[in-house]
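**Student:** First the structure, which I've put down as structure tokens, then a few questions once you've had a look.
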Amino acid sequence: MDHIKKSLKAGRLGSICVYCGASNTVNEAYLRLAEKLGRELASRDIRLVYGGGGVGLMGACARAAHERGGEVLGIMPRFLLQKERMYTEVEHRIVDDMHTRKMMMFEEADAFIVLPGGIGTLEEAVEILSWARLGIHAKPMAFLDEDGFWEPFFQLIEKIIEGGFIPEDFRGAMVHCATSAEAITALEDRRVVIDL
Ligand code: AMP
């Protein structure tokens, strides 16, 4: 594999995958943040790739992007169609299982933004980070919140680095941001282009 040269290069992102909570019973401010992100993606002409639901932050982000004229791709496993109320106003794909959904979301995106969410959001983000750790990809990830929601997670990552479990340069794989604009710009700056 030594013919593959990796060079860090800032670059425009075509698609960003957003991981976020599916619950509707959350603080309104989280839903507003998801809407702001959806609008920012649309205004920058970046496609939103997401889990396809019409509920919670997922639905808020997708609706806002669509209403602003943005491109959206939702990917939903068949068994969650009712529960997560698939948002059908945008391009959507129905897949057989969770693993196919996760892989397709990963493949369709150049980078990731993680909004506040629950166990599913955490699992998706950590799995993508674990793939970065294994060298499977070099797609950057931004954690976005206005209230320090992800601060304890970044503190845990620092503990993990201090403990010697991951190298210090792993910090470069992830960034913590307070606005959508800042998150997208940070991802563009960290974009890794692989020259074959
Ligand atoms: P949550 O953060 O728990 O509200 O879930 C957010 C989204 O993640 C929902 O669309 C869930 O279907 C999805 N999700 C839940 N568990 C997993 C998992 N193990 N892997 C990938 N996605 C999941």
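We name chains A, B, ... following the order of the structure tokens; residues begin at 1 in each chain, and ligands are numbered from 1 as shown.
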Check range 48-189 of chain A with DSSP on the backbone and list each residue it calls alpha helix (DSSP H), as a PyMOL selection string.

**Tutor:** chain A and resi 56-67+98-108+119-133+151-162+180-189

**Student:** Using only C-alpha atoms and all ligand atoms, what are the residues with an atom within 9 Å of ligand 1, set out as a PyMOL selection string?

**Tutor:** chain A and resi 19-24+50-53+55-58+76-77+80+83-84+98-99+101-102+116-125+127

**Student:** So, counting only C-alpha atoms, which residue among A:Gly54, A:Pro140, A:Gly69, A:Gly59 is closest to Glu40 in chain A?

**Tutor:**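 Nearest candidate to Glu40 in chain A out of A:Gly54, A:Pro140, A:Gly69, A:Gly59: A:Gly69.
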
**Student:** Find the residues near Ser180 in chain A: any atom within 10 Å, counting only C-alpha atoms, skip ones fewer than 4 places away on the same chain, and give them as a PDB file with N, CA, C and O atoms, in the first residue's frame.

**Tutor:**
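Result file follows (part-v7.pdb):
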```
ATOM      1  N   LEU A  33     -31.192  23.560  16.785  1.00  0.00           N
ATOM      2  CA  LEU A  33     -29.801  23.397  16.326  1.00  0.00           C
ATOM      3  C   LEU A  33     -29.758  22.489  15.093  1.00  0.00           C
ATOM      4  O   LEU A  33     -29.029  22.762  14.122  1.00  0.00           O
ATOM      5  N   ALA A  34     -30.545  21.408  15.126  1.00  0.00           N
ATOM      6  CA  ALA A  34     -30.594  20.491  13.974  1.00  0.00           C
ATOM      7  C   ALA A  34     -31.124  21.219  12.741  1.00  0.00           C
ATOM      8  O   ALA A  34     -30.633  21.017  11.622  1.00  0.00           O
ATOM      9  N   GLU A  35     -32.109  22.090  12.943  1.00  0.00           N
ATOM     10  CA  GLU A  35     -32.653  22.863  11.806  1.00  0.00           C
ATOM     11  C   GLU A  35     -31.583  23.814  11.253  1.00  0.00           C
ATOM     12  O   GLU A  35     -31.434  23.955  10.037  1.00  0.00           O
ATOM     13  N   LYS A  36     -30.853  24.443  12.167  1.00  0.00           N
ATOM     14  CA  LYS A  36     -29.803  25.378  11.711  1.00  0.00           C
ATOM     15  C   LYS A  36     -28.772  24.635  10.868  1.00  0.00           C
ATOM     16  O   LYS A  36     -28.304  25.138   9.843  1.00  0.00           O
ATOM     17  N   LEU A  37     -28.423  23.440  11.324  1.00  0.00           N
ATOM     18  CA  LEU A  37     -27.444  22.650  10.563  1.00  0.00           C
ATOM     19  C   LEU A  37     -28.003  22.292   9.185  1.00  0.00           C
ATOM     20  O   LEU A  37     -27.296  22.398   8.170  1.00  0.00           O
ATOM     21  N   GLY A  38     -29.249  21.874   9.143  1.00  0.00           N
ATOM     22  CA  GLY A  38     -29.875  21.522   7.857  1.00  0.00           C
ATOM     23  C   GLY A  38     -29.832  22.691   6.888  1.00  0.00           C
ATOM     24  O   GLY A  38     -29.482  22.534   5.714  1.00  0.00           O
ATOM     25  N   ARG A  39     -30.164  23.876   7.391  1.00  0.00           N
ATOM     26  CA  ARG A  39     -30.165  25.071   6.529  1.00  0.00           C
ATOM     27  C   ARG A  39     -28.749  25.428   6.075  1.00  0.00           C
ATOM     28  O   ARG A  39     -28.525  25.810   4.931  1.00  0.00           O
ATOM     29  N   GLU A  40     -27.777  25.286   6.972  1.00  0.00           N
ATOM     30  CA  GLU A  40     -26.385  25.621   6.631  1.00  0.00           C
ATOM     31  C   GLU A  40     -25.868  24.678   5.536  1.00  0.00           C
ATOM     32  O   GLU A  40     -25.191  25.117   4.604  1.00  0.00           O
ATOM     33  N   LEU A  41     -26.192  23.392   5.661  1.00  0.00           N
ATOM     34  CA  LEU A  41     -25.759  22.431   4.639  1.00  0.00           C
ATOM     35  C   LEU A  41     -26.362  22.814   3.288  1.00  0.00           C
ATOM     36  O   LEU A  41     -25.673  22.837   2.256  1.00  0.00           O
ATOM     37  N   ILE A 113     -20.982  14.838  10.919  1.00  0.00           N
ATOM     38  CA  ILE A 113     -21.289  15.773  12.010  1.00  0.00           C
ATOM     39  C   ILE A 113     -22.180  15.026  12.997  1.00  0.00           C
ATOM     40  O   ILE A 113     -23.158  14.372  12.602  1.00  0.00           O
ATOM     41  N   LEU A 115     -24.590  15.505  16.118  1.00  0.00           N
ATOM     42  CA  LEU A 115     -25.398  16.404  16.939  1.00  0.00           C
ATOM     43  C   LEU A 115     -25.721  15.690  18.250  1.00  0.00           C
ATOM     44  O   LEU A 115     -25.480  14.484  18.378  1.00  0.00           O
ATOM     45  N   ALA A 142     -17.007  16.041  13.130  1.00  0.00           N
ATOM     46  CA  ALA A 142     -17.208  17.185  14.032  1.00  0.00           C
ATOM     47  C   ALA A 142     -18.363  16.881  14.969  1.00  0.00           C
ATOM     48  O   ALA A 142     -19.402  16.356  14.541  1.00  0.00           O
ATOM     49  N   PHE A 143     -18.180  17.196  16.241  1.00  0.00           N
ATOM     50  CA  PHE A 143     -19.260  17.085  17.227  1.00  0.00           C
ATOM     51  C   PHE A 143     -19.790  18.492  17.435  1.00  0.00           C
ATOM     52  O   PHE A 143     -19.024  19.407  17.733  1.00  0.00           O
ATOM     53  N   LEU A 144     -21.093  18.658  17.253  1.00  0.00           N
ATOM     54  CA  LEU A 144     -21.693  19.997  17.274  1.00  0.00           C
ATOM     55  C   LEU A 144     -22.707  20.127  18.402  1.00  0.00           C
ATOM     56  O   LEU A 144     -23.653  19.327  18.492  1.00  0.00           O
ATOM     57  N   ASP A 145     -22.489  21.100  19.259  1.00  0.00           N
ATOM     58  CA  ASP A 145     -23.490  21.427  20.293  1.00  0.00           C
ATOM     59  C   ASP A 145     -23.306  22.870  20.718  1.00  0.00           C
ATOM     60  O   ASP A 145     -22.240  23.454  20.501  1.00  0.00           O
ATOM     61  N   GLU A 146     -24.362  23.428  21.319  1.00  0.00           N
ATOM     62  CA  GLU A 146     -24.291  24.824  21.794  1.00  0.00           C
ATOM     63  C   GLU A 146     -24.159  24.892  23.306  1.00  0.00           C
ATOM     64  O   GLU A 146     -24.014  25.961  23.869  1.00  0.00           O
ATOM     65  N   ILE A 184     -18.675  22.846   9.711  1.00  0.00           N
ATOM     66  CA  ILE A 184     -18.464  22.517   8.292  1.00  0.00           C
ATOM     67  C   ILE A 184     -17.096  23.025   7.830  1.00  0.00           C
ATOM     68  O   ILE A 184     -16.351  22.321   7.141  1.00  0.00           O
ATOM     69  N   THR A 185     -16.745  24.238   8.248  1.00  0.00           N
ATOM     70  CA  THR A 185     -15.449  24.792   7.863  1.00  0.00           C
ATOM     71  C   THR A 185     -14.314  23.935   8.436  1.00  0.00           C
ATOM     72  O   THR A 185     -13.329  23.649   7.745  1.00  0.00           O
ATOM     73  N   ALA A 186     -14.468  23.496   9.694  1.00  0.00           N
ATOM     74  CA  ALA A 186     -13.432  22.652  10.309  1.00  0.00           C
ATOM     75  C   ALA A 186     -13.269  21.348   9.528  1.00  0.00           C
ATOM     76  O   ALA A 186     -12.154  20.869   9.310  1.00  0.00           O
TER      77      ALA A 186
END
```

**Student:** Quick one: residues within 8 Å of Ala42 in chain A, only C-alpha atoms, excluding same-chain residues fewer than 2 positions away - as a list in words?

**Tutor:**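 My reading of the contact set: Gly38, Arg39, Glu40, Arg44, Asp45, Ile46, Arg47, Leu48, Ala65, His66, Arg68, Gly69, Gly70 and Glu71 of chain A.
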
**Student:** For the selection you just gave me, I'd like the residues written to a file as a PDB file, in the first residue's frame, keeping C-alpha atoms.

**Tutor:**
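Produced file result.pdb, reproduced below:
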```pdb
ATOM      1  CA  GLY A  38     -29.875  21.522   7.857  1.00  0.00           C
ATOM      2  CA  ARG A  39     -30.165  25.071   6.529  1.00  0.00           C
ATOM      3  CA  GLU A  40     -26.385  25.621   6.631  1.00  0.00           C
ATOM      4  CA  ARG A  44     -23.476  25.589   1.142  1.00  0.00           C
ATOM      5  CA  ASP A  45     -24.810  23.122  -1.416  1.00  0.00           C
ATOM      6  CA  ILE A  46     -23.660  20.125   0.628  1.00  0.00           C
ATOM      7  CA  ARG A  47     -25.824  17.006   0.499  1.00  0.00           C
ATOM      8  CA  LEU A  48     -27.176  15.782   3.828  1.00  0.00           C
ATOM      9  CA  ALA A  65     -32.356  21.229   4.553  1.00  0.00           C
ATOM     10  CA  HIS A  66     -35.111  20.214   2.136  1.00  0.00           C
ATOM     11  CA  ARG A  68     -34.026  25.452   1.992  1.00  0.00           C
ATOM     12  CA  GLY A  69     -33.644  23.611  -1.334  1.00  0.00           C
ATOM     13  CA  GLY A  70     -30.813  21.305  -0.217  1.00  0.00           C
ATOM     14  CA  GLU A  71     -30.141  17.776  -1.393  1.00  0.00           C
TER      15      GLU A  71
END
```

**Student:** Among range 92-122 of chain A, which ones does DSSP assign to strand (DSSP E or B) (computed from the backbone)? Answer as a list in words.

**Tutor:**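 Put together, the selection reads His92, Arg93, Ile94, Val95, Ala111, Phe112, Ile113 and Val114 of chain A.
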
**Student:** Find, counting only C-alpha atoms, the residue in A:Asp97, A:Ile157, A:Ala173, A:Thr179 that gets nearest to Ile128 in chain A.

**Tutor:**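 Of all the options, A:Ala173 lies closest to Ile128 in chain A.
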
**Student:** Calculate how many Å separate CA of Leu31 in chain A from CA of Cys61 in chain A, rounding to one decimal.

**Tutor:** 7.8 Å

**Student:** So that I can see what lies close to Glu91 in chain A, please list as a list in words the residues with an atom at most 8 Å from it, counting only C-alpha atoms and leaving out residues fewer than 6 positions away in the same chain.

**Tutor:**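 Counting only the stated atoms, we get Val72, Leu73 and Gly74 of chain A.
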
**Student:** With N, CA, C and O atoms retained, could you export that selection as a PDB file, in the first residue's frame?

**Tutor:**
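Below you can see again.pdb, which holds the result:
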```pdb
ATOM      1  N   VAL A  72     -30.920  15.927  -0.029  1.00  0.00           N
ATOM      2  CA  VAL A  72     -30.954  15.080   1.169  1.00  0.00           C
ATOM      3  C   VAL A  72     -31.095  13.621   0.741  1.00  0.00           C
ATOM      4  O   VAL A  72     -31.873  13.312  -0.156  1.00  0.00           O
ATOM      5  N   LEU A  73     -30.327  12.756   1.385  1.00  0.00           N
ATOM      6  CA  LEU A  73     -30.486  11.305   1.174  1.00  0.00           C
ATOM      7  C   LEU A  73     -30.740  10.655   2.528  1.00  0.00           C
ATOM      8  O   LEU A  73     -29.910  10.755   3.438  1.00  0.00           O
ATOM      9  N   GLY A  74     -31.880  10.004   2.658  1.00  0.00           N
ATOM     10  CA  GLY A  74     -32.213   9.275   3.887  1.00  0.00           C
ATOM     11  C   GLY A  74     -32.088   7.780   3.659  1.00  0.00           C
ATOM     12  O   GLY A  74     -32.507   7.269   2.614  1.00  0.00           O
TER      13      GLY A  74
END
```

**Student:** In Å, with one decimal, what is the gap from CA of Asp147 in chain A to CA of Ala60 in chain A?

**Tutor:**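 Those two atoms sit 18.4 Å apart.
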
**Student:** For CA of Leu13 in chain A and CA of Ile166 in chain A, determine how far apart the two atoms are, in Å to one decimal place.

**Tutor:**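 Computing it gives 27.2 Å between the two atoms.
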